[in-house]
Each structure stands twice: as C-alpha cells, then as structure tokens.
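A.B. asks: The structure file work.txt (compact mmCIF, C-alpha atoms) is provided below.
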```txt
# COMPACT_ATOMS: atom_id res chain seq x y z
CA MET A 1 -4.27 -7.53 -14.60
CA LEU A 2 -7.04 -6.39 -12.25
CA GLU A 3 -5.15 -7.61 -9.20
CA ALA A 4 -1.96 -5.91 -10.41
CA TRP A 5 -3.71 -2.55 -10.88
CA LEU A 6 -5.41 -2.85 -7.51
CA ASP A 7 -2.07 -3.64 -5.86
CA PHE A 8 -0.48 -0.66 -7.65
CA HIS A 9 -3.09 1.68 -6.22
CA ARG A 10 -2.81 0.14 -2.75
CA ALA A 11 0.95 0.72 -2.87
CA THR A 12 0.44 4.28 -4.11
CA LEU A 13 -1.64 5.16 -1.05
CA ALA A 14 1.09 3.76 1.20
CA VAL A 15 3.71 5.87 -0.61
CA LYS A 16 1.61 9.00 -0.16
CA CYS A 17 1.69 8.47 3.62
CA SER A 18 5.34 7.51 3.95
CA GLY A 19 7.85 9.71 5.69
CA LEU A 20 5.34 11.98 7.40
CA LYS A 21 4.91 12.76 11.08
CA ASP A 22 1.66 12.02 12.88
CA ASP A 23 0.55 15.66 12.89
CA GLN A 24 1.13 15.88 9.12
CA LEU A 25 -0.96 12.74 8.50
CA ARG A 26 -3.81 14.46 10.34
CA LEU A 27 -3.73 17.67 8.28
CA ALA A 28 -6.75 18.43 6.13
CA ALA A 29 -5.28 20.33 3.23
CA ALA A 30 -8.31 21.29 1.15
CA SER A 31 -10.79 23.39 3.10
CA PRO A 32 -13.66 22.87 3.79
CA SER A 33 -12.92 19.13 3.53
CA SER A 34 -11.72 17.36 6.68
CA MET A 35 -10.11 14.55 4.64
CA THR A 36 -6.64 13.56 5.83
CA LEU A 37 -4.08 10.99 4.73
CA LEU A 38 -4.60 9.03 7.95
CA GLY A 39 -8.37 9.14 7.38
CA LEU A 40 -7.89 7.86 3.84
CA VAL A 41 -5.95 4.83 5.07
CA GLN A 42 -8.68 4.08 7.60
CA HIS A 43 -11.38 4.63 4.96
CA MET A 44 -9.73 2.19 2.57
CA ALA A 45 -9.62 -0.44 5.33
CA GLU A 46 -13.40 -0.03 5.60
CA VAL A 47 -13.81 -0.15 1.81
CA GLU A 48 -11.73 -3.34 1.57
CA ARG A 49 -13.83 -4.97 4.31
CA ASN A 50 -17.10 -3.90 2.74
CA TRP A 51 -16.51 -5.08 -0.81
CA PHE A 52 -14.63 -8.31 -0.18
CA GLN A 53 -16.05 -9.54 3.12
CA ARG A 54 -19.59 -8.13 3.20
CA VAL A 55 -20.52 -7.92 -0.47
CA PHE A 56 -18.49 -10.68 -2.10
CA ALA A 57 -18.30 -13.24 0.73
CA GLY A 58 -21.62 -12.33 2.36
CA GLN A 59 -20.11 -12.00 5.82
CA ASN A 60 -21.73 -9.96 8.57
CA VAL A 61 -18.74 -8.09 9.97
CA PRO A 62 -18.71 -4.82 11.93
CA PRO A 63 -16.89 -1.69 10.76
CA VAL A 64 -13.13 -1.89 11.30
CA PHE A 65 -13.01 1.30 13.39
CA GLY A 66 -16.36 0.97 15.16
CA GLU A 67 -20.02 1.68 14.49
CA SER A 68 -19.60 5.41 15.06
CA ASN A 69 -16.92 5.57 12.34
CA HIS A 70 -18.40 3.36 9.64
CA ASP A 71 -16.64 5.17 6.78
CA GLY A 72 -13.30 5.30 8.61
CA PHE A 73 -12.56 8.98 8.07
CA ALA A 74 -12.85 10.08 11.73
CA LEU A 75 -9.52 10.20 13.53
CA LYS A 76 -8.84 9.02 17.06
CA SER A 77 -6.08 10.73 19.04
CA GLY A 78 -4.41 7.48 20.11
CA ARG A 79 -4.50 5.77 16.72
CA GLY A 80 -1.58 6.62 14.46
CA LEU A 81 -0.44 5.46 11.05
CA ASP A 82 1.11 2.18 12.22
CA GLU A 83 -2.17 0.97 13.74
CA ALA A 84 -4.25 2.21 10.80
CA VAL A 85 -1.92 0.60 8.24
CA ALA A 86 -1.92 -2.68 10.18
CA ALA A 87 -5.73 -2.71 10.13
CA TRP A 88 -5.78 -1.76 6.42
CA GLN A 89 -3.25 -4.45 5.49
CA ALA A 90 -5.20 -7.04 7.48
CA GLU A 91 -8.29 -6.16 5.44
CA VAL A 92 -6.31 -6.38 2.19
CA SER A 93 -4.97 -9.81 3.22
CA ARG A 94 -8.42 -11.06 4.18
CA GLY A 95 -9.83 -9.86 0.85
CA ARG A 96 -7.07 -11.65 -1.04
CA GLU A 97 -7.88 -14.86 0.84
CA LEU A 98 -11.57 -14.59 0.02
CA ILE A 99 -11.03 -14.15 -3.72
CA ALA A 100 -8.03 -16.47 -4.14
CA ASP A 101 -10.04 -19.34 -5.63
CA ALA A 102 -12.89 -17.28 -7.08
CA GLY A 103 -13.59 -16.58 -10.72
CA LEU A 104 -14.22 -13.09 -12.05
CA ASP A 105 -17.80 -14.05 -12.87
CA ASP A 106 -18.54 -15.22 -9.31
CA SER A 107 -20.99 -12.84 -7.67
CA GLY A 108 -21.51 -11.06 -4.43
CA HIS A 109 -24.73 -9.55 -3.15
CA LEU A 110 -25.46 -5.89 -2.46
CA SER A 111 -28.01 -4.64 0.02
CA GLU A 112 -31.15 -3.14 -1.46
CA GLN A 113 -29.87 0.35 -0.62
CA GLU A 114 -26.47 -0.24 -2.27
CA ALA A 115 -28.15 -1.81 -5.28
CA GLY A 116 -30.00 1.45 -5.84
CA HIS A 117 -26.66 3.05 -6.76
CA VAL A 118 -25.51 0.18 -8.94
CA GLY A 119 -28.76 -0.97 -10.49
CA ASP A 120 -28.64 -4.62 -9.42
CA GLN A 121 -28.13 -6.55 -6.20
CA GLY A 122 -25.72 -9.02 -7.83
CA VAL A 123 -22.22 -7.82 -8.66
CA SER A 124 -19.44 -9.94 -10.10
CA LEU A 125 -15.95 -10.12 -8.68
CA ARG A 126 -14.86 -8.45 -11.92
CA TRP A 127 -17.17 -5.49 -11.16
CA ILE A 128 -15.89 -5.33 -7.57
CA MET A 129 -12.26 -5.34 -8.70
CA VAL A 130 -12.84 -2.57 -11.24
CA HIS A 131 -14.75 -0.59 -8.63
CA MET A 132 -11.93 -1.02 -6.11
CA ILE A 133 -9.39 0.23 -8.66
CA GLU A 134 -11.62 3.26 -9.27
CA GLU A 135 -12.05 3.85 -5.53
CA TYR A 136 -8.32 3.79 -4.88
CA ALA A 137 -7.53 5.88 -7.96
CA ARG A 138 -10.00 8.57 -6.91
CA HIS A 139 -8.72 8.66 -3.34
CA ASN A 140 -5.10 8.56 -4.48
CA GLY A 141 -5.87 11.78 -6.37
CA HIS A 142 -7.07 13.24 -3.08
CA ALA A 143 -3.97 11.90 -1.34
CA ASP A 144 -1.73 13.47 -3.99
CA LEU A 145 -3.26 16.90 -3.39
CA ILE A 146 -3.10 16.55 0.40
CA ARG A 147 0.54 15.40 0.29
CA GLU A 148 1.53 18.20 -2.07
CA GLN A 149 -0.01 20.74 0.29
CA ILE A 150 1.86 19.23 3.27
CA ASP A 151 5.39 19.10 1.88
CA GLY A 152 5.35 19.64 -1.89
CA THR A 153 5.78 15.96 -2.77
CA THR A 154 4.00 14.93 -5.98
CA GLY A 155 3.84 11.78 -8.10
CA ALA A 156 3.25 8.12 -7.28
```
Is it possible to give me this structure as structure tokens?

C.D. replies:
Amino acid sequence: MLEAWLDFHRATLAVKCSGLKDDQLRLAAASPSSMTLLGLVQHMAEVERNWFQRVFAGQNVPPVFGESNHDGFALKSGRGLDEAVAAWQAEVSRGRELIADAGLDDSGHLSEQEAGHVGDQGVSLRWIMVHMIEEYARHNGHADLIREQIDGTTGA
C-alpha cells in the first residue's frame, strides 16, 4: 500500500508537468516564492536520493544537481524537463532497487542534524515511505496551484 501511494504521488507530479513548454515549467506562480514545476521535479530527485540512498542505504552520494544546488530548486538555463525527469526517474529506480528486499522495520540512519527534526537518528523504512508520501503530497499541492496559475488545469 505504501509503495502504491508513493507511486501515485510520483505519477501526479509527472502529470502536473505534462504538456507544458519550457518557459511555462520555469514560471513561479505564487509570489514571492520562486518555486517552479521544473524546480519541483529537480527537488524530488534530490529528495529521492537523500532518503533512499543516503539515509536508508547509508551511501555517501553527492547532490544530483551539484553542491551549489543541494535542494534542487535552482534552475539551469540548459537543463529542461526531459533531463530533469530522466534524473528524477533514475533516482526513483535506484530507490526501488535499494528497498526491493528490505522489510518495513529495517532502519536507516539520519545525521545528527536531521535527527534533531525527527527526534531519533534511526528511522524505519516504514517511516521513510510515509514521509516520502507526505513530501510528494505537499509538493503536489504546490504543483497544482502553479499549474492552475499557468493554464487553468486542476486535478490529478
């Protein structure tokens, strides 16, 4: 069930970005925020990498879009949706591989700083999956508002 809900929210973000031109994907629709649909795709690639590779699998991997863009929101003029989606989907695939044989009670390890927000350095795969669903759901709400402002499209 957790994987199904996570996949639903992943697909929802893709739908929110479909059918738009590059300049539309770069529009920030809710001033003063600079959040864009393209930035959200890049951000979720970073989020996928962080929770599944760094936290759950304990891997030391760099940010997907470079050290100067650790949260993924900054846009680069030459990088469009196709490249961002390819990076995002690669992170989704890698995360799926890492959890394929894991149990929901298997744990990952947070940094001391991250643990300050959660309350403990150990987090179960179950916790990570629920958190990822929440992360996508929250950002899909942002994506819905941005998309509506761009062309009036609403819904999943």

A.B. asks: Would you mind listing what lies within 8 Å of Val130 (chain A) as a PyMOL selection string, with all atoms listed in the file counted and same-chain residues fewer than 4 positions away left out?

C.D. replies: chain A and resi 2+126+134

A.B. asks: What is the CA of Leu98 (chain A)-CA of Phe52 (chain A) distance in Å, reported with one decimal?

C.D. replies: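 If I compute the distance from CA of Leu98 (chain A) to CA of Phe52 (chain A), I get 7.0 Å.
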
A.B. asks: Please measure the separation of CA of Cys17 (chain A) and CA of Glu67 (chain A), giving the value in Å to one decimal.

C.D. replies: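 The value is 25.2 Å.
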
A.B. asks: Have a look at A:Phe8, A:Ala14, A:Ser33, A:Gln53 and name the one nearest to Ser93 (chain A); count only C-alpha atoms.

C.D. replies: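 Answer, going by the shortest atom-to-atom distance: A:Gln53.
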
A.B. asks: I'd like the interatomic distance between CA of Val92 (chain A) and CA of Met44 (chain A), to a tenth of an Å.

C.D. replies: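 If I compute the distance from CA of Val92 (chain A) to CA of Met44 (chain A), I get 9.2 Å.
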
A.B. asks: Would you kindly return, as a list in words, each protein, DNA or RNA residue with an atom no farther than 9 Å from any atom of Arg54 (chain A), considering all atoms listed in the file and excluding same-chain residues fewer than 4 positions away?

C.D. replies: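 Those residues are Arg49, Asn50, Gly58, Gln59, Asn60, Val61, Gly108, His109 and Leu110 of chain A.
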
A.B. asks: Using only C-alpha atoms for the distances, tell me which of A:Leu125, A:Ile99, A:Val85, A:Ile150 is nearest to Ala11 (chain A).

C.D. replies: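 Answer, going by the shortest atom-to-atom distance: A:Val85.
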
A.B. asks: Restricting the calculation to all atoms listed in the file: of A:Pro32, A:Gly119, A:Gly39, A:Gly103, which residue gets closest to Gly72 (chain A)?

C.D. replies: A:Gly39

A.B. asks: For a quick check of understanding, using only C-alpha atoms, which of A:Asn140, A:Gln42, A:Gln113, A:Gln149 has the smallest distance to Leu81 (chain A)?

C.D. replies: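 Closest to Leu81 (chain A) of all the choices is A:Gln42.
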
A.B. asks: What lies within 9 Å of His43 (chain A) using all atoms listed in the file, ignoring chain neighbours under 3 positions off, as number ranges by chain?

C.D. replies: A: 38-40, 46-48, 70-74, 88

A.B. asks: I need the chosen residues saved as a CSV table (one decimal), keeping the file's coordinate frame, with C-alpha atoms.

C.D. replies:
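Output file again_8.csv follows:
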```csv
chain,number,residue,atom,x,y,z
A,38,LEU,CA,-4.6,9.0,8.0
A,39,GLY,CA,-8.4,9.1,7.4
A,40,LEU,CA,-7.9,7.9,3.8
A,46,GLU,CA,-13.4,0.0,5.6
A,47,VAL,CA,-13.8,-0.2,1.8
A,48,GLU,CA,-11.7,-3.3,1.6
A,70,HIS,CA,-18.4,3.4,9.6
A,71,ASP,CA,-16.6,5.2,6.8
A,72,GLY,CA,-13.3,5.3,8.6
A,73,PHE,CA,-12.6,9.0,8.1
A,74,ALA,CA,-12.8,10.1,11.7
A,88,TRP,CA,-5.8,-1.8,6.4
```

A.B. asks: Skip Leu27 (chain A) itself and residues of its chain fewer than 6 positions away, then list as a ChimeraX atom specification all residues within 9 Å of it, counting only C-alpha atoms.

C.D. replies: /A:34-38,146,150

A.B. asks: Using C-alpha atoms, can you export the residues from the last selection as a PDB file, in the coordinates of the input?

C.D. replies:
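Listing of part_14.pdb after writing:
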```pdb
ATOM      1  CA  SER A  34     -11.720  17.360   6.680  1.00  0.00           C
ATOM      2  CA  MET A  35     -10.110  14.550   4.640  1.00  0.00           C
ATOM      3  CA  THR A  36      -6.640  13.560   5.830  1.00  0.00           C
ATOM      4  CA  LEU A  37      -4.080  10.990   4.730  1.00  0.00           C
ATOM      5  CA  LEU A  38      -4.600   9.030   7.950  1.00  0.00           C
ATOM      6  CA  ILE A 146      -3.100  16.550   0.400  1.00  0.00           C
ATOM      7  CA  ILE A 150       1.860  19.230   3.270  1.00  0.00           C
TER       8      ILE A 150
END
```

A.B. asks: When you count all atoms listed in the file, which of these residues is closest to Asp23 (chain A): A:Val55, A:Leu75, A:Ile133, A:Val123?

C.D. replies: A:Leu75

A.B. asks: Need to verify the contact set: Asp144 (chain A), 9 Å, all atoms listed in the file, exclusion of same-chain residues closer than 2 positions in sequence. Can you return it as a list of chain:residue names?

C.D. replies: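 The filter keeps A:Leu13, A:Lys16, A:His139, A:Asn140, A:Gly141, A:His142, A:Ile146, A:Arg147, A:Glu148, A:Gln149, A:Thr153, A:Thr154, A:Gly155, A:Ala156.
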